[in-house]
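Novice: Next up, my_file.pdb (PDB, C-alpha atoms).
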ATOM      1  CA  GLY L 813      -7.252  -6.519  15.377  1.00  0.00           C
ATOM      2  CA  ASN L 814      -6.206  -3.376  13.593  1.00  0.00           C
ATOM      3  CA  SER L 815      -8.297  -2.339  10.635  1.00  0.00           C
ATOM      4  CA  VAL L 816      -9.180   0.586   8.423  1.00  0.00           C
ATOM      5  CA  THR L 817     -12.570   1.210   6.839  1.00  0.00           C
ATOM      6  CA  GLN L 818     -12.992   3.748   4.103  1.00  0.00           C
ATOM      7  CA  MET L 819     -15.953   4.740   2.016  1.00  0.00           C
ATOM      8  CA  GLU L 820     -16.529   2.661  -1.052  1.00  0.00           C
ATOM      9  CA  GLY L 821     -16.167   4.247  -4.409  1.00  0.00           C
ATOM     10  CA  PRO L 822     -16.111   5.099  -7.068  1.00  0.00           C
ATOM     11  CA  VAL L 823     -16.548   8.774  -6.351  1.00  0.00           C
ATOM     12  CA  THR L 824     -17.179  10.988  -9.358  1.00  0.00           C
ATOM     13  CA  LEU L 825     -16.948  14.768  -8.991  1.00  0.00           C
ATOM     14  CA  SER L 826     -16.883  17.760 -11.283  1.00  0.00           C
ATOM     15  CA  GLU L 827     -13.781  19.914 -11.352  1.00  0.00           C
ATOM     16  CA  GLU L 828     -13.645  22.432  -8.460  1.00  0.00           C
ATOM     17  CA  ALA L 829     -16.062  20.413  -6.327  1.00  0.00           C
ATOM     18  CA  PHE L 830     -15.402  19.716  -2.650  1.00  0.00           C
ATOM     19  CA  LEU L 831     -14.041  16.283  -1.795  1.00  0.00           C
ATOM     20  CA  THR L 832     -14.479  14.201   1.329  1.00  0.00           C
ATOM     21  CA  ILE L 833     -13.359  10.585   1.590  1.00  0.00           C
ATOM     22  CA  ASN L 834     -14.262   9.057   4.930  1.00  0.00           C
ATOM     23  CA  CYS L 835     -11.862   6.847   6.859  1.00  0.00           C
ATOM     24  CA  THR L 836     -12.317   5.266  10.278  1.00  0.00           C
ATOM     25  CA  TYR L 837      -9.975   2.943  12.081  1.00  0.00           C
ATOM     26  CA  THR L 838      -9.871   0.319  14.792  1.00  0.00           C
ATOM     27  CA  ALA L 839      -6.689   0.015  16.806  1.00  0.00           C
ATOM     28  CA  THR L 840      -5.447  -0.100  20.356  1.00  0.00           C
ATOM     29  CA  GLY L 841      -3.180   2.616  21.602  1.00  0.00           C
ATOM     30  CA  TYR L 842      -2.148   5.538  19.445  1.00  0.00           C
ATOM     31  CA  PRO L 843      -1.582   4.581  15.842  1.00  0.00           C
ATOM     32  CA  SER L 844      -0.068   6.797  13.179  1.00  0.00           C
ATOM     33  CA  LEU L 845      -2.400   7.496  10.269  1.00  0.00           C
ATOM     34  CA  PHE L 846      -1.636   7.945   6.591  1.00  0.00           C
ATOM     35  CA  TRP L 847      -3.261   8.715   3.268  1.00  0.00           C
ATOM     36  CA  TYR L 848      -1.610   7.258   0.188  1.00  0.00           C
ATOM     37  CA  VAL L 849      -2.509   7.987  -3.442  1.00  0.00           C
ATOM     38  CA  GLN L 850      -2.145   5.664  -6.420  1.00  0.00           C
ATOM     39  CA  TYR L 851      -2.223   7.210  -9.885  1.00  0.00           C
ATOM     40  CA  PRO L 852      -3.031   4.930 -12.836  1.00  0.00           C
ATOM     41  CA  GLY L 853      -0.256   2.452 -13.556  1.00  0.00           C
ATOM     42  CA  GLU L 854       1.875   3.582 -10.634  1.00  0.00           C
ATOM     43  CA  GLY L 855       2.722   2.483  -7.125  1.00  0.00           C
ATOM     44  CA  LEU L 856       1.355   4.072  -3.991  1.00  0.00           C
ATOM     45  CA  GLN L 857       2.885   7.299  -2.777  1.00  0.00           C
ATOM     46  CA  LEU L 858       2.438   9.072   0.512  1.00  0.00           C
ATOM     47  CA  LEU L 859       0.002  11.978   0.374  1.00  0.00           C
ATOM     48  CA  LEU L 860      -0.079  13.040   4.033  1.00  0.00           C
ATOM     49  CA  LYS L 861       0.212  11.678   7.542  1.00  0.00           C
ATOM     50  CA  ALA L 862      -0.528  12.433  11.198  1.00  0.00           C
ATOM     51  CA  THR L 863       1.148  10.807  14.150  1.00  0.00           C
ATOM     52  CA  LYS L 864      -0.928  11.919  17.127  1.00  0.00           C
ATOM     53  CA  ALA L 865      -4.430  13.029  18.044  1.00  0.00           C
ATOM     54  CA  ASP L 866      -5.555  16.431  16.684  1.00  0.00           C
ATOM     55  CA  ASP L 867      -2.636  16.577  14.254  1.00  0.00           C
ATOM     56  CA  LYS L 868      -3.572  17.797  10.790  1.00  0.00           C
ATOM     57  CA  GLY L 869      -1.704  16.430   7.809  1.00  0.00           C
ATOM     58  CA  SER L 870      -1.743  18.444   4.609  1.00  0.00           C
ATOM     59  CA  ASN L 871      -0.250  18.284   1.139  1.00  0.00           C
ATOM     60  CA  LYS L 872      -1.203  19.466  -2.368  1.00  0.00           C
ATOM     61  CA  GLY L 873      -4.400  21.059  -1.054  1.00  0.00           C
ATOM     62  CA  PHE L 874      -5.507  17.870   0.701  1.00  0.00           C
ATOM     63  CA  GLU L 875      -6.043  17.798   4.466  1.00  0.00           C
ATOM     64  CA  ALA L 876      -6.930  15.228   7.104  1.00  0.00           C
ATOM     65  CA  THR L 877      -7.244  15.619  10.872  1.00  0.00           C
ATOM     66  CA  TYR L 878      -6.547  12.808  13.326  1.00  0.00           C
ATOM     67  CA  ARG L 879      -9.696  12.571  15.459  1.00  0.00           C
ATOM     68  CA  LYS L 880      -9.222  10.123  18.297  1.00  0.00           C
ATOM     69  CA  GLU L 881     -12.693  10.684  19.756  1.00  0.00           C
ATOM     70  CA  THR L 882     -14.314   9.493  16.531  1.00  0.00           C
ATOM     71  CA  THR L 883     -11.405   7.251  15.415  1.00  0.00           C
ATOM     72  CA  SER L 884     -11.448   9.002  12.067  1.00  0.00           C
ATOM     73  CA  PHE L 885      -9.044  10.495   9.549  1.00  0.00           C
ATOM     74  CA  HIS L 886     -11.227  11.866   6.761  1.00  0.00           C
ATOM     75  CA  LEU L 887      -9.538  13.229   3.637  1.00  0.00           C
ATOM     76  CA  GLU L 888     -10.739  16.586   2.292  1.00  0.00           C
ATOM     77  CA  LYS L 889      -9.920  18.946  -0.524  1.00  0.00           C
ATOM     78  CA  GLY L 890     -11.703  22.176  -1.226  1.00  0.00           C
ATOM     79  CA  SER L 891     -11.474  22.198  -5.005  1.00  0.00           C
ATOM     80  CA  VAL L 892     -10.532  19.064  -6.924  1.00  0.00           C
ATOM     81  CA  GLN L 893      -8.839  18.984 -10.300  1.00  0.00           C
ATOM     82  CA  VAL L 894      -8.892  16.419 -13.082  1.00  0.00           C
ATOM     83  CA  SER L 895      -5.323  15.544 -12.142  1.00  0.00           C
ATOM     84  CA  ASP L 896      -6.550  14.370  -8.713  1.00  0.00           C
ATOM     85  CA  SER L 897      -8.220  11.363 -10.341  1.00  0.00           C
ATOM     86  CA  ALA L 898      -6.636   8.381  -8.599  1.00  0.00           C
ATOM     87  CA  VAL L 899      -7.238   5.731  -5.933  1.00  0.00           C
ATOM     88  CA  TYR L 900      -6.839   6.945  -2.358  1.00  0.00           C
ATOM     89  CA  PHE L 901      -5.876   4.622   0.500  1.00  0.00           C
ATOM     90  CA  CYS L 902      -6.189   5.271   4.202  1.00  0.00           C
ATOM     91  CA  ALA L 903      -3.697   3.367   6.362  1.00  0.00           C
ATOM     92  CA  LEU L 904      -2.571   2.986   9.943  1.00  0.00           C
ATOM     93  CA  LYS L 905       0.598   1.930  11.683  1.00  0.00           C
ATOM     94  CA  LYS L 906      -0.077   0.645  15.139  1.00  0.00           C
ATOM     95  CA  ASP L 907       3.309   0.681  16.772  1.00  0.00           C
ATOM     96  CA  SER L 908       6.322   2.860  16.761  1.00  0.00           C
ATOM     97  CA  GLY L 909       9.112   1.778  14.514  1.00  0.00           C
ATOM     98  CA  ASN L 910       8.758   0.010  11.216  1.00  0.00           C
ATOM     99  CA  THR L 911       5.770  -2.265  11.640  1.00  0.00           C
ATOM    100  CA  PRO L 912       3.767  -2.757   8.450  1.00  0.00           C
ATOM    101  CA  LEU L 913       0.962  -0.445   7.411  1.00  0.00           C
ATOM    102  CA  VAL L 914      -2.598  -1.744   7.426  1.00  0.00           C
ATOM    103  CA  PHE L 915      -4.513  -0.349   4.460  1.00  0.00           C
ATOM    104  CA  GLY L 916      -8.144   0.272   3.709  1.00  0.00           C
ATOM    105  CA  LYS L 917      -9.509  -1.064   0.436  1.00  0.00           C
ATOM    106  CA  GLY L 918      -9.095   2.194  -1.408  1.00  0.00           C
ATOM    107  CA  THR L 919     -11.505   4.721  -2.885  1.00  0.00           C
ATOM    108  CA  ARG L 920     -11.370   5.513  -6.576  1.00  0.00           C
ATOM    109  CA  LEU L 921     -11.897   9.188  -7.402  1.00  0.00           C
ATOM    110  CA  SER L 922     -12.741  10.388 -10.886  1.00  0.00           C
ATOM    111  CA  VAL L 923     -12.826  14.123 -11.547  1.00  0.00           C
ATOM    112  CA  ILE L 924     -14.470  15.263 -14.750  1.00  0.00           C
ATOM    113  CA  ALA L 925     -13.949  18.601 -16.451  1.00  0.00           C
TER     114      ALA L 925
ATOM    115  CA  ASP O1384      17.725   8.969  -6.292  1.00  0.00           C
ATOM    116  CA  ALA O1385      16.404   5.653  -7.524  1.00  0.00           C
ATOM    117  CA  GLY O1386      13.218   4.447  -5.957  1.00  0.00           C
ATOM    118  CA  VAL O1387      12.127   0.887  -5.343  1.00  0.00           C
ATOM    119  CA  ILE O1388      12.600  -1.087  -8.529  1.00  0.00           C
ATOM    120  CA  GLN O1389      10.429  -4.060  -9.380  1.00  0.00           C
ATOM    121  CA  SER O1390      10.547  -6.487 -12.275  1.00  0.00           C
ATOM    122  CA  PRO O1391       8.871  -7.596 -14.365  1.00  0.00           C
ATOM    123  CA  ARG O1392       6.207  -4.914 -14.676  1.00  0.00           C
ATOM    124  CA  HIS O1393       3.860  -7.351 -16.362  1.00  0.00           C
ATOM    125  CA  GLU O1394       3.844 -11.139 -16.411  1.00  0.00           C
ATOM    126  CA  VAL O1395       1.398 -13.408 -18.166  1.00  0.00           C
ATOM    127  CA  THR O1396       1.802 -17.095 -17.531  1.00  0.00           C
ATOM    128  CA  GLU O1397      -0.132 -20.316 -17.610  1.00  0.00           C
ATOM    129  CA  MET O1398      -1.444 -22.172 -14.620  1.00  0.00           C
ATOM    130  CA  GLY O1399       1.172 -24.459 -13.115  1.00  0.00           C
ATOM    131  CA  GLN O1400       4.167 -22.377 -14.169  1.00  0.00           C
ATOM    132  CA  GLU O1401       6.668 -20.929 -11.738  1.00  0.00           C
ATOM    133  CA  VAL O1402       6.649 -17.148 -11.331  1.00  0.00           C
ATOM    134  CA  THR O1403       9.468 -15.088  -9.829  1.00  0.00           C
ATOM    135  CA  LEU O1404       9.007 -11.425  -8.984  1.00  0.00           C
ATOM    136  CA  ARG O1405      11.990  -9.275  -8.111  1.00  0.00           C
ATOM    137  CA  CYS O1406      12.556  -6.194  -6.011  1.00  0.00           C
ATOM    138  CA  LYS O1407      15.440  -3.831  -5.365  1.00  0.00           C
ATOM    139  CA  PRO O1408      14.752  -1.619  -2.339  1.00  0.00           C
ATOM    140  CA  ILE O1409      16.019   1.903  -1.859  1.00  0.00           C
ATOM    141  CA  SER O1410      19.658   1.841  -0.798  1.00  0.00           C
ATOM    142  CA  GLY O1411      20.011   2.149   2.961  1.00  0.00           C
ATOM    143  CA  HIS O1412      16.485   0.996   3.744  1.00  0.00           C
ATOM    144  CA  ASP O1413      16.477  -1.801   6.303  1.00  0.00           C
ATOM    145  CA  TYR O1414      12.876  -2.915   5.870  1.00  0.00           C
ATOM    146  CA  LEU O1415      11.287  -4.551   2.857  1.00  0.00           C
ATOM    147  CA  PHE O1416       7.622  -5.408   2.443  1.00  0.00           C
ATOM    148  CA  TRP O1417       5.688  -7.449  -0.119  1.00  0.00           C
ATOM    149  CA  TYR O1418       2.011  -6.567  -0.618  1.00  0.00           C
ATOM    150  CA  ARG O1419      -0.593  -8.005  -2.977  1.00  0.00           C
ATOM    151  CA  GLN O1420      -3.384  -5.872  -4.430  1.00  0.00           C
ATOM    152  CA  THR O1421      -6.666  -7.274  -5.740  1.00  0.00           C
ATOM    153  CA  MET O1422     -10.034  -5.698  -6.363  1.00  0.00           C
ATOM    154  CA  MET O1423     -11.741  -7.958  -3.849  1.00  0.00           C
ATOM    155  CA  ARG O1424      -9.272  -7.793  -0.964  1.00  0.00           C
ATOM    156  CA  GLY O1425      -7.436  -4.528  -1.498  1.00  0.00           C
ATOM    157  CA  LEU O1426      -3.831  -4.380  -0.285  1.00  0.00           C
ATOM    158  CA  GLU O1427      -2.703  -7.348   1.761  1.00  0.00           C
ATOM    159  CA  LEU O1428       0.664  -7.720   3.450  1.00  0.00           C
ATOM    160  CA  LEU O1429       2.324 -10.958   2.444  1.00  0.00           C
ATOM    161  CA  ILE O1430       5.665 -10.802   4.250  1.00  0.00           C
ATOM    162  CA  TYR O1431       8.220  -8.327   5.506  1.00  0.00           C
ATOM    163  CA  PHE O1432      11.938  -8.407   6.205  1.00  0.00           C
ATOM    164  CA  ASN O1433      14.252  -6.478   8.501  1.00  0.00           C
ATOM    165  CA  ASN O1434      17.966  -6.573   7.690  1.00  0.00           C
ATOM    166  CA  ASN O1435      17.287  -9.428   5.252  1.00  0.00           C
ATOM    167  CA  VAL O1436      15.574 -11.575   7.907  1.00  0.00           C
ATOM    168  CA  PRO O1437      11.865 -12.452   7.515  1.00  0.00           C
ATOM    169  CA  ILE O1438       9.950 -10.997  10.448  1.00  0.00           C
ATOM    170  CA  ASP O1439       6.362 -11.907   9.676  1.00  0.00           C
ATOM    171  CA  ASP O1440       5.215 -14.200   6.883  1.00  0.00           C
ATOM    172  CA  SER O1441       1.743 -14.879   8.255  1.00  0.00           C
ATOM    173  CA  GLY O1442       0.208 -13.198   5.220  1.00  0.00           C
ATOM    174  CA  MET O1443       1.701 -15.625   2.740  1.00  0.00           C
ATOM    175  CA  PRO O1444      -1.367 -17.407   1.398  1.00  0.00           C
ATOM    176  CA  GLU O1445       0.007 -20.943   1.211  1.00  0.00           C
ATOM    177  CA  ASP O1446       3.068 -23.047   0.644  1.00  0.00           C
ATOM    178  CA  ARG O1447       3.092 -22.217  -3.030  1.00  0.00           C
ATOM    179  CA  PHE O1448       4.393 -18.782  -2.091  1.00  0.00           C
ATOM    180  CA  SER O1449       7.932 -18.170  -0.885  1.00  0.00           C
ATOM    181  CA  ALA O1450      10.059 -15.066  -0.456  1.00  0.00           C
ATOM    182  CA  LYS O1451      13.757 -14.557   0.036  1.00  0.00           C
ATOM    183  CA  MET O1452      16.102 -11.680   0.657  1.00  0.00           C
ATOM    184  CA  PRO O1453      19.645 -12.918   0.062  1.00  0.00           C
ATOM    185  CA  ASN O1454      21.175  -9.460   0.537  1.00  0.00           C
ATOM    186  CA  ALA O1455      20.233  -5.898   1.363  1.00  0.00           C
ATOM    187  CA  SER O1456      19.621  -4.917  -2.236  1.00  0.00           C
ATOM    188  CA  PHE O1457      17.513  -7.770  -3.588  1.00  0.00           C
ATOM    189  CA  SER O1458      14.409  -9.758  -2.778  1.00  0.00           C
ATOM    190  CA  THR O1459      12.314 -12.291  -4.668  1.00  0.00           C
ATOM    191  CA  LEU O1460       8.751 -13.498  -4.338  1.00  0.00           C
ATOM    192  CA  LYS O1461       8.185 -16.872  -5.945  1.00  0.00           C
ATOM    193  CA  ILE O1462       4.938 -18.680  -6.728  1.00  0.00           C
ATOM    194  CA  GLN O1463       5.198 -22.338  -7.648  1.00  0.00           C
ATOM    195  CA  PRO O1464       2.938 -23.629  -9.069  1.00  0.00           C
ATOM    196  CA  SER O1465       0.907 -20.581 -10.049  1.00  0.00           C
ATOM    197  CA  GLU O1466      -2.902 -20.587 -10.161  1.00  0.00           C
ATOM    198  CA  PRO O1467      -5.415 -18.194 -11.767  1.00  0.00           C
ATOM    199  CA  ARG O1468      -6.431 -16.884  -8.325  1.00  0.00           C
ATOM    200  CA  ASP O1469      -2.884 -15.585  -7.882  1.00  0.00           C
ATOM    201  CA  SER O1470      -3.576 -12.957 -10.538  1.00  0.00           C
ATOM    202  CA  ALA O1471      -2.986  -9.592  -8.871  1.00  0.00           C
ATOM    203  CA  VAL O1472      -0.590  -6.669  -8.667  1.00  0.00           C
ATOM    204  CA  TYR O1473       2.320  -7.395  -6.358  1.00  0.00           C
ATOM    205  CA  PHE O1474       3.996  -4.429  -4.721  1.00  0.00           C
ATOM    206  CA  CYS O1475       7.327  -4.210  -3.010  1.00  0.00           C
ATOM    207  CA  ALA O1476       7.979  -1.383  -0.565  1.00  0.00           C
ATOM    208  CA  SER O1477      10.910  -0.371   1.610  1.00  0.00           C
ATOM    209  CA  SER O1478      11.490   1.912   4.567  1.00  0.00           C
ATOM    210  CA  PRO O1479      14.437   3.078   6.648  1.00  0.00           C
ATOM    211  CA  SER O1480      14.944   2.293  10.313  1.00  0.00           C
ATOM    212  CA  GLY O1481      14.005   5.095  12.650  1.00  0.00           C
ATOM    213  CA  GLY O1482      11.694   6.770  10.181  1.00  0.00           C
ATOM    214  CA  THR O1483       8.074   7.723  10.644  1.00  0.00           C
ATOM    215  CA  GLY O1484       6.929   4.444   9.148  1.00  0.00           C
ATOM    216  CA  GLU O1485       6.362   5.810   5.657  1.00  0.00           C
ATOM    217  CA  LEU O1486       6.648   3.101   3.036  1.00  0.00           C
ATOM    218  CA  PHE O1487       8.189   3.768  -0.363  1.00  0.00           C
ATOM    219  CA  PHE O1488       6.513   1.667  -3.024  1.00  0.00           C
ATOM    220  CA  GLY O1489       7.677   0.303  -6.337  1.00  0.00           C
ATOM    221  CA  GLU O1490       5.466   0.494  -9.410  1.00  0.00           C
ATOM    222  CA  GLY O1491       4.269  -3.062  -8.954  1.00  0.00           C
ATOM    223  CA  SER O1492       4.314  -6.287 -10.949  1.00  0.00           C
ATOM    224  CA  ARG O1493       1.015  -7.158 -12.600  1.00  0.00           C
ATOM    225  CA  LEU O1494       0.636 -10.939 -12.735  1.00  0.00           C
ATOM    226  CA  THR O1495      -1.933 -12.702 -14.881  1.00  0.00           C
ATOM    227  CA  VAL O1496      -2.217 -16.463 -14.594  1.00  0.00           C
ATOM    228  CA  LEU O1497      -4.293 -18.035 -17.353  1.00  0.00           C
TER     229      LEU O1497
END
As structure tokens, what does this structure read like?

Specialist:
Amino acid sequence: GNSVTQMEGPVTLSEEAFLTINCTYTATGYPSLFWYVQYPGEGLQLLLKATKADDKGSNKGFEATYRKETTSFHLEKGSVQVSDSAVYFCALKKDSGNTPLVFGKGTRLSVIA
Amino acid sequence: DAGVIQSPRHEVTEMGQEVTLRCKPISGHDYLFWYRQTMMRGLELLIYFNNNVPIDDSGMPEDRFSAKMPNASFSTLKIQPSEPRDSAVYFCASSPSGGTGELFFGEGSRLTVL
């Protein structure tokens, strides 16, 4: 079946450190890939997405590249801020249209000043 | 524009009681999803609707759970009777037809069953 595996947290970084959160997926065909972010007490919101191989999604300094050869979609940011502290979810959508997203378990990031 | 609206935000109840969670999707969105979030299992899809019709309810844990969507602007998720293991955050999300598949989430309903 379709699944998403992401690195377990929590991840604790100092401000301005480099961030990588690993995400790999299992799916047939060509899924679309997403990163969602959940700030404390809030719902999930889309951070970035990529719909085909070699696409790079980017937003708010975060980037992720859709790597079909390694079935990966790792999230990176060059310099994290305290305000980036949140839970990050990798997700895939297998088919075109509005099929549900399959989420990883989430990775909690804490950034300390 | 209003986002997805869920109520209540927090619910504390005793085992055996009926719980009803409510969701108002974004106007014009044809798809509505109910997810459950727990520490152990992460985000699990419970059920989703298209144009008010349930499409896949295979994620509903057992007969104690039921969901309805009587019209395009309202959905309920009901648990009867509730059990302590139902304690979780329940999220509703909606999306428009023909989009990229992005889901728009509400702020969630945190349920605690004592």

Novice: Quick check on the file I pasted: which residues fall under the ChimeraX specification (/O :<6) & /L? Write them as an mmCIF file with C-alpha atoms, in the coordinates of the input.

Specialist:
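Below you can see expr36.cif, which holds the result:
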data_model
loop_
_atom_site.group_PDB
_atom_site.id
_atom_site.type_symbol
_atom_site.label_atom_id
_atom_site.label_comp_id
_atom_site.auth_asym_id
_atom_site.auth_seq_id
_atom_site.Cartn_x
_atom_site.Cartn_y
_atom_site.Cartn_z
ATOM 1 C CA GLU L 854 1.875 3.582 -10.634
ATOM 2 C CA GLY L 855 2.722 2.483 -7.125
ATOM 3 C CA LEU L 856 1.355 4.072 -3.991
ATOM 4 C CA ASN L 910 8.758 0.010 11.216
ATOM 5 C CA LYS L 917 -9.509 -1.064 0.436
#

Novice: Determine, counting only C-alpha atoms, which protein, DNA and RNA residues have an atom within 8 Å of an atom of Lys889 of chain L; residues of the same chain fewer than 2 positions away are not included. Present the result as a PDB file with C-alpha atoms, keeping the file's coordinate frame.

Specialist:
ATOM      1  CA  PHE L 830     -15.402  19.716  -2.650  1.00  0.00           C
ATOM      2  CA  LEU L 831     -14.041  16.283  -1.795  1.00  0.00           C
ATOM      3  CA  THR L 832     -14.479  14.201   1.329  1.00  0.00           C
ATOM      4  CA  GLY L 873      -4.400  21.059  -1.054  1.00  0.00           C
ATOM      5  CA  PHE L 874      -5.507  17.870   0.701  1.00  0.00           C
ATOM      6  CA  GLU L 875      -6.043  17.798   4.466  1.00  0.00           C
ATOM      7  CA  LEU L 887      -9.538  13.229   3.637  1.00  0.00           C
ATOM      8  CA  SER L 891     -11.474  22.198  -5.005  1.00  0.00           C
ATOM      9  CA  VAL L 892     -10.532  19.064  -6.924  1.00  0.00           C
TER      10      VAL L 892
END

Novice: What is the atom CA of Thr1495 of chain O to atom CA of Pro1467 of chain O distance in Å?

Specialist: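 Separating atom CA of Thr1495 of chain O from atom CA of Pro1467 of chain O is a distance of 7.2 Å.
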
Novice: Work out how far apart atom CA of Asn834 of chain L and atom CA of Met1443 of chain O are and give it in Å to one decimal.

Specialist: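 These atoms are spaced 29.5 Å apart.
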
Novice: Just say which residues the PyMOL selection byres ((chain L and resi 900) around 8) picks in this file, as number ranges by chain.

Specialist: L: 847-850, 898-899, 901-902, 918-921

Novice: Once the PyMOL selection byres ((chain L and resi 906) around 10) has been evaluated on this model, what residues remain selected, and can you format them as a list of chain:residue names?

Specialist: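 Written out, the selection comes to L:Asn814, L:Ser815, L:Thr838, L:Ala839, L:Thr840, L:Gly841, L:Tyr842, L:Pro843, L:Ser844, L:Leu845, L:Ala903, L:Leu904, L:Lys905, L:Asp907, L:Ser908, L:Gly909, L:Asn910, L:Thr911, L:Pro912, L:Leu913, L:Val914, O:Gly1484.
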
Novice: How would segment 877-889 of chain L read, as a PDB file, in the coordinates of the input, once N, CA, C and O atoms are built in?

Specialist:
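out-v5.pdb, freshly written:
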ATOM      1  N   THR L 877      -7.499  15.385   9.450  1.00  0.00           N
ATOM      2  CA  THR L 877      -7.244  15.619  10.872  1.00  0.00           C
ATOM      3  C   THR L 877      -7.462  14.335  11.644  1.00  0.00           C
ATOM      4  O   THR L 877      -8.488  13.659  11.484  1.00  0.00           O
ATOM      5  N   TYR L 878      -6.528  14.005  12.491  1.00  0.00           N
ATOM      6  CA  TYR L 878      -6.547  12.808  13.326  1.00  0.00           C
ATOM      7  C   TYR L 878      -7.511  13.069  14.488  1.00  0.00           C
ATOM      8  O   TYR L 878      -7.216  13.823  15.402  1.00  0.00           O
ATOM      9  N   ARG L 879      -8.674  12.402  14.428  1.00  0.00           N
ATOM     10  CA  ARG L 879      -9.696  12.571  15.459  1.00  0.00           C
ATOM     11  C   ARG L 879      -9.789  11.295  16.282  1.00  0.00           C
ATOM     12  O   ARG L 879     -10.374  10.302  15.843  1.00  0.00           O
ATOM     13  N   LYS L 880      -9.214  11.338  17.471  1.00  0.00           N
ATOM     14  CA  LYS L 880      -9.222  10.123  18.297  1.00  0.00           C
ATOM     15  C   LYS L 880     -10.613   9.837  18.848  1.00  0.00           C
ATOM     16  O   LYS L 880     -11.027   8.686  18.989  1.00  0.00           O
ATOM     17  N   GLU L 881     -11.376  10.890  19.142  1.00  0.00           N
ATOM     18  CA  GLU L 881     -12.693  10.684  19.756  1.00  0.00           C
ATOM     19  C   GLU L 881     -13.655   9.974  18.819  1.00  0.00           C
ATOM     20  O   GLU L 881     -14.553   9.258  19.267  1.00  0.00           O
ATOM     21  N   THR L 882     -13.457  10.170  17.510  1.00  0.00           N
ATOM     22  CA  THR L 882     -14.314   9.493  16.531  1.00  0.00           C
ATOM     23  C   THR L 882     -13.545   8.442  15.743  1.00  0.00           C
ATOM     24  O   THR L 882     -14.097   7.847  14.803  1.00  0.00           O
ATOM     25  N   THR L 883     -12.311   8.185  16.118  1.00  0.00           N
ATOM     26  CA  THR L 883     -11.405   7.251  15.415  1.00  0.00           C
ATOM     27  C   THR L 883     -11.498   7.449  13.908  1.00  0.00           C
ATOM     28  O   THR L 883     -11.745   6.495  13.141  1.00  0.00           O
ATOM     29  N   SER L 884     -11.290   8.694  13.484  1.00  0.00           N
ATOM     30  CA  SER L 884     -11.448   9.002  12.067  1.00  0.00           C
ATOM     31  C   SER L 884     -10.266   9.807  11.551  1.00  0.00           C
ATOM     32  O   SER L 884      -9.530  10.435  12.313  1.00  0.00           O
ATOM     33  N   PHE L 885     -10.122   9.764  10.225  1.00  0.00           N
ATOM     34  CA  PHE L 885      -9.044  10.495   9.549  1.00  0.00           C
ATOM     35  C   PHE L 885      -9.536  10.795   8.137  1.00  0.00           C
ATOM     36  O   PHE L 885      -8.993  10.326   7.158  1.00  0.00           O
ATOM     37  N   HIS L 886     -10.575  11.604   8.036  1.00  0.00           N
ATOM     38  CA  HIS L 886     -11.227  11.866   6.761  1.00  0.00           C
ATOM     39  C   HIS L 886     -10.367  12.771   5.882  1.00  0.00           C
ATOM     40  O   HIS L 886      -9.821  13.779   6.357  1.00  0.00           O
ATOM     41  N   LEU L 887     -10.318  12.448   4.598  1.00  0.00           N
ATOM     42  CA  LEU L 887      -9.538  13.229   3.637  1.00  0.00           C
ATOM     43  C   LEU L 887     -10.441  14.266   2.985  1.00  0.00           C
ATOM     44  O   LEU L 887     -11.554  13.938   2.553  1.00  0.00           O
ATOM     45  N   GLU L 888      -9.955  15.514   2.888  1.00  0.00           N
ATOM     46  CA  GLU L 888     -10.739  16.586   2.292  1.00  0.00           C
ATOM     47  C   GLU L 888      -9.879  17.421   1.354  1.00  0.00           C
ATOM     48  O   GLU L 888      -8.674  17.551   1.544  1.00  0.00           O
ATOM     49  N   LYS L 889     -10.549  17.956   0.347  1.00  0.00           N
ATOM     50  CA  LYS L 889      -9.920  18.946  -0.524  1.00  0.00           C
ATOM     51  C   LYS L 889     -10.997  19.901  -0.988  1.00  0.00           C
ATOM     52  O   LYS L 889     -12.085  19.483  -1.384  1.00  0.00           O
TER      53      LYS L 889
END
